[in-house]
Amino acid sequence: MSNKNLSKDELLSIYRSMVTIRQFEERLSAESKSGILPGPVHVYIGQEAVAVGICAQLTDDDWITSTHRGHGHFLAKGGTPAALMKEIYGRETGICGGKGGSMHVADFSRGIIGANGIVGGGIALATGAALAAQLDGKGRCAIAFFGDGAANQGVMCEAMNVAALWKLPLILVCENNGYSEFSKAADVTAGVLSDRAKAYGVPSEQVDGNDFMEVWRAAGRAVARARNGEGPTFLEARTYRLHGHVESEHTFLPKAYREESEVEAWRERDPIKAFAAMLSDGIASAQELEAIEQEIAALVEEAAAEAAADPWPDPEAAFKHMFA
Amino acid sequence: MARLRMIQAINSALREEMARDPKVILFGEDVRMSLFGDTKGLFEEFGPDRVRDTPISEVLLTGMAVGAAAAGYRVVLHLMYANFLYTGFDAIANQAAKLRYMTGGQIKLPIVFMASCGGGRSSAAQHSDSPHPMFMNLGGVHVATPGTPADAKGMLKSAIRDDNPTIYLTAGGRGGSAGDVPDEDVTTPIGVSFCAREGTDITVVPIGSMVRPTLTVAERLAKEGISVEVIDPRWMVPLDTSLILKSLTKTGRLVVVDEARDLCSAASQIAAVAADQGFSDLKAPVRRLTVPDLAIPYSPPLERAVLPDAEKIEASIRELVSYKAG
């Protein structure tokens with residue numbers, strides 16, 4: 001879809017994708033807080049326009065690496081919602097058979113190299129996939145999603161150096177949500193992140209990560225460059241994490257680390273509401289949007305019900321898959 | 001059969017495997033220049049796509065190896081010195097060793113992380129480690145420690161063809177030592193140990209760099225009537241202890257010689273297996289001849305003081321064969 005206007009069907013499909021991530025994670029958030037989920041869950045609520053905006057420019061043959069906050073990337077790249085839900089429930093029917101959980105969801109058949117529990121861990125993996133894509137010569141590209149926290153790992157600079165030298169089809173998508181876990185970016189990050197790319201001669205752009213169209217257009221430019229052999233691009237998407245770092249944080253944090261007024265201000269800039277408002281302006285009716293929301297609600301309900309009913313893995317499965 | 005130095009055997013394995021499979025790629029620091037000689041001529045033969053010099057960026061390189069393998073390539077990453085594996089450790093420990101398992105077996109990661117290990121060259125503490133034990137403890141990676149040119153070639157060929165990540169460590173100080181290497185396309189089976197010399201009085205298990213001095217000592221002692229059996233495990237992961245245990249039923253005495261530091265070394269593991277599964281065969285304590293828990297020093301007399309060598313191996317064997325219980 002890179003260089004044309006989006007059709008109504010495409011726009012509705014994008015809306016569906018963003019709403020799927022949102023509703024899916026609202027459900028996970030509630031179930032995490034009620035203790036149903038066995039492990040920690042980091043939700044992407046508020047950042048959906050980034051994953052969907054980038055992935056709408058990709059095909060199944062392109063590669064992505066993701067972060068500990070990776071459900072949105074998984075779904076946006078075409079991962080199956082039910083298989084994701086079941087994984088986070090720890091069931092044997094999960095996409096990783098219950099071995100990875102929330103922080104390690106992957107689906108290699110769809111180019112999803114996976115979420116990653118190591119902050120910045122996906123950057124080098126995507127660079128390697130970009131090398132493979134370049135060697136394949138089929139115009140594929142690789143995308144590393146990472147946060148502003150990961151941008152402080154040295155590997156980001158190492159990756160830009162190699163990607164620029166070798167003109168790798170790599171797109172570094174830095175989702176700057178303003179927080180490294182519980183630390184404000186102002187306390188841990190110097191300068192402007194997208195400026196770091198300039199030092200390596202990597203074209204960079206700063207985009208409003210809550211504006212789907214802006215992300216999507218920038219992604220289109222970056223993907224075109226990558227596919228044409230013109231090398232890497234760095235995109236800094238300014239966005240905000242409407243939930244905490246981890247859903248269970250209220251149970252252990254001694255005090256709040258951000259102002260409620262700040263959260264409220266960003267809630268006003270909710271990327272899905274903004275996209276819905278754009279669609280409501282002569283593209284789709286309120287009923288059409290509501291029908292999508294209801295359809296997704298049913299899908300999430302079904303996925304959660306199935307996950308809850310599905311069996312736990314056989315303990316014997318713990319002894320499989322270490323080696324090929 | 002050709003007489004090859006260790007480094008030539010490695011070079012020949014890389015050349016044959018790259019010629020055999022176009023998906024094999026090689027990258028690392030100065031692989032074109034090839035300061036050890038093991039990657040010599042490969043750039044000229046296979047070109048800039050498949051043989052790449054990289055920046056000195058180990059954190060990135062180990063992760064790129066995982067990404068490129070996940071995307072369908074067989075990656076050989078040359079990390080030069082084994083100590084530099086520490087610099088690139090995250091992607092080995094957290095990605096390569098775990099990605100297949102974490103994703104429920106979705107992916108295969110054919111990667112060889114190769115480096116030169118060990119002391120003996122006055123390279124001092126940051127270029128002389130033998131870090132195979134820490135990789136043994138990772139789970140999820142094979143660990144190859146060839147002790148002869150033939151195994152250096154056969155094990156590298158096996159590791160490149162295998163669908164798992166392998167840490168492939170060859171003793172830098174012994175790169176020049178020669179041995180017979182088959183001309184044919186011979187691979188060394190993964191996880192299979194080898195009886196390098198038959199004997200009846202004592203079993204010695206040398207790891208990697210210690211194979212050659214152990215065989216020299218065994219030869220010498222044979223003339224005195226001390227019959228030494230030498231079992232080379234070849235792979236630290238998967239570790240095949242079957243021949244060691246079988247040998248113990250015959251000798252009842254065991255020395256493990258390992259150039260790693262003693263604490264949690266490969267020798268510790270092999271000794272533990274012998275104490276557990278070979279207990280009823282033992283006629284003497286199991287000895288570990290290892291490096292003391294020190295950094296490897298620079299000056300030759302200091303370095304000699306801490307590294308196991310033929311003299312120390314001989315002393316350990318003599319002590320153990322004369323050991324009387326009670």
# chains A, B, ... in the order shown; residues from 1 in each chain; ligands from 1
call {"tool": "residues_around", "arguments": {"residues": "range 100-113 of chain A", "least_positions_apart": "6", "cutoff": "9 Å", "atoms": "only C-alpha atoms", "output": "PyMOL selection string"}}
result
(chain A and resi 38-42+59-71+73-74+77-80+84-90+94+122+125-126+142) or (chain B and resi 67+70-71+99+101-104+106-107)
call {"tool": "select_by_dssp", "arguments": {"residues": "range 95-296 of chain B", "states": "alpha helix (DSSP H)", "output": "PyMOL selection string"}}
result
chain B and resi 99-102+132-136+149-161+211-222+242-251+266-277
call {"tool": "closest_atom_pairs", "arguments": {"of": "chain A", "to": "chain B", "cutoff": "7 Å", "atoms": "only C-alpha atoms", "output": "CSV"}}
result
residue,atom,partner,partner_atom,distance
A:Cys96,CA,B:Gly104,CA,4.2
A:Gly97,CA,B:Gly104,CA,5.4
A:Lys99,CA,B:Met102,CA,5.1
A:Gly100,CA,B:Met102,CA,4.5
A:His104,CA,B:Met102,CA,6.5
A:Val105,CA,B:Thr103,CA,6.8
A:Ala106,CA,B:Thr103,CA,6.2
A:Phe108,CA,B:Gln106,CA,6.8
A:Ala124,CA,B:Gly63,CA,4.6
A:Leu125,CA,B:Gly67,CA,3.9
A:Ala126,CA,B:Gly67,CA,5.9
A:Thr127,CA,B:Met64,CA,5.7
A:Gly128,CA,B:Met64,CA,3.7
A:Ala129,CA,B:Ala68,CA,4.6
A:Leu131,CA,B:Ala68,CA,6.4
A:Ala132,CA,B:Ala68,CA,5.2
A:Leu135,CA,B:Asp49,CA,6.9
A:Val155,CA,B:Leu60,CA,5.7
A:Glu158,CA,B:Leu60,CA,6.1
A:Ala159,CA,B:Leu60,CA,6.3
A:His321,CA,B:Gly105,CA,4.8
A:Met322,CA,B:Tyr101,CA,4.9
A:Phe323,CA,B:Gly140,CA,6.2
A:Ala324,CA,B:Asp163,CA,6.0
call {"tool": "residues_around", "arguments": {"residues": "Ile171 in chain A", "least_positions_apart": "6", "cutoff": "6 Å", "atoms": "only C-alpha atoms", "output": "list in words"}}
result
Ile143, Pro232, Thr233 and Phe234 of chain A
call {"tool": "write_last_selection", "arguments": {"atoms": "N, CA and C atoms", "output": "compact mmCIF listing (two decimals), in the first residue's frame"}}
result
# COMPACT_ATOMS: atom_id res chain seq x y z
N ILE A 143 12.51 -5.01 10.23
CA ILE A 143 12.16 -3.89 11.10
C ILE A 143 12.47 -4.25 12.54
N PRO A 232 19.31 1.77 5.35
CA PRO A 232 18.46 1.84 6.53
C PRO A 232 17.78 3.19 6.75
N THR A 233 16.77 3.18 7.58
CA THR A 233 16.09 4.41 8.01
C THR A 233 15.84 4.29 9.50
N PHE A 234 15.91 5.42 10.18
CA PHE A 234 15.59 5.47 11.61
C PHE A 234 14.32 6.30 11.77
call {"tool": "residues_around", "arguments": {"residues": "range 4-11 of chain A", "least_positions_apart": "5", "cutoff": "9 Å", "atoms": "only C-alpha atoms", "output": "PyMOL selection string"}}
result
chain A and resi 16+279+283-284
call {"tool": "residues_around", "arguments": {"residues": "Ala304 in chain A", "least_positions_apart": "3", "cutoff": "10 Å", "atoms": "only C-alpha atoms", "output": "list in words"}}
result
Phe24, Arg27, Leu28, Glu31, Pro81, Ala82, Met85, Lys86, Tyr89, Ala298, Leu299, Val300, Glu301, Ala307, Ala308, Ala309 and Asp310 of chain A
call {"tool": "select_by_dssp", "arguments": {"residues": "range 98-251 of chain A", "states": "strand (DSSP E)", "output": "number ranges by chain"}}
result
A: 112-114, 142-147, 170-176, 179-180, 183-184, 204-208, 233-238
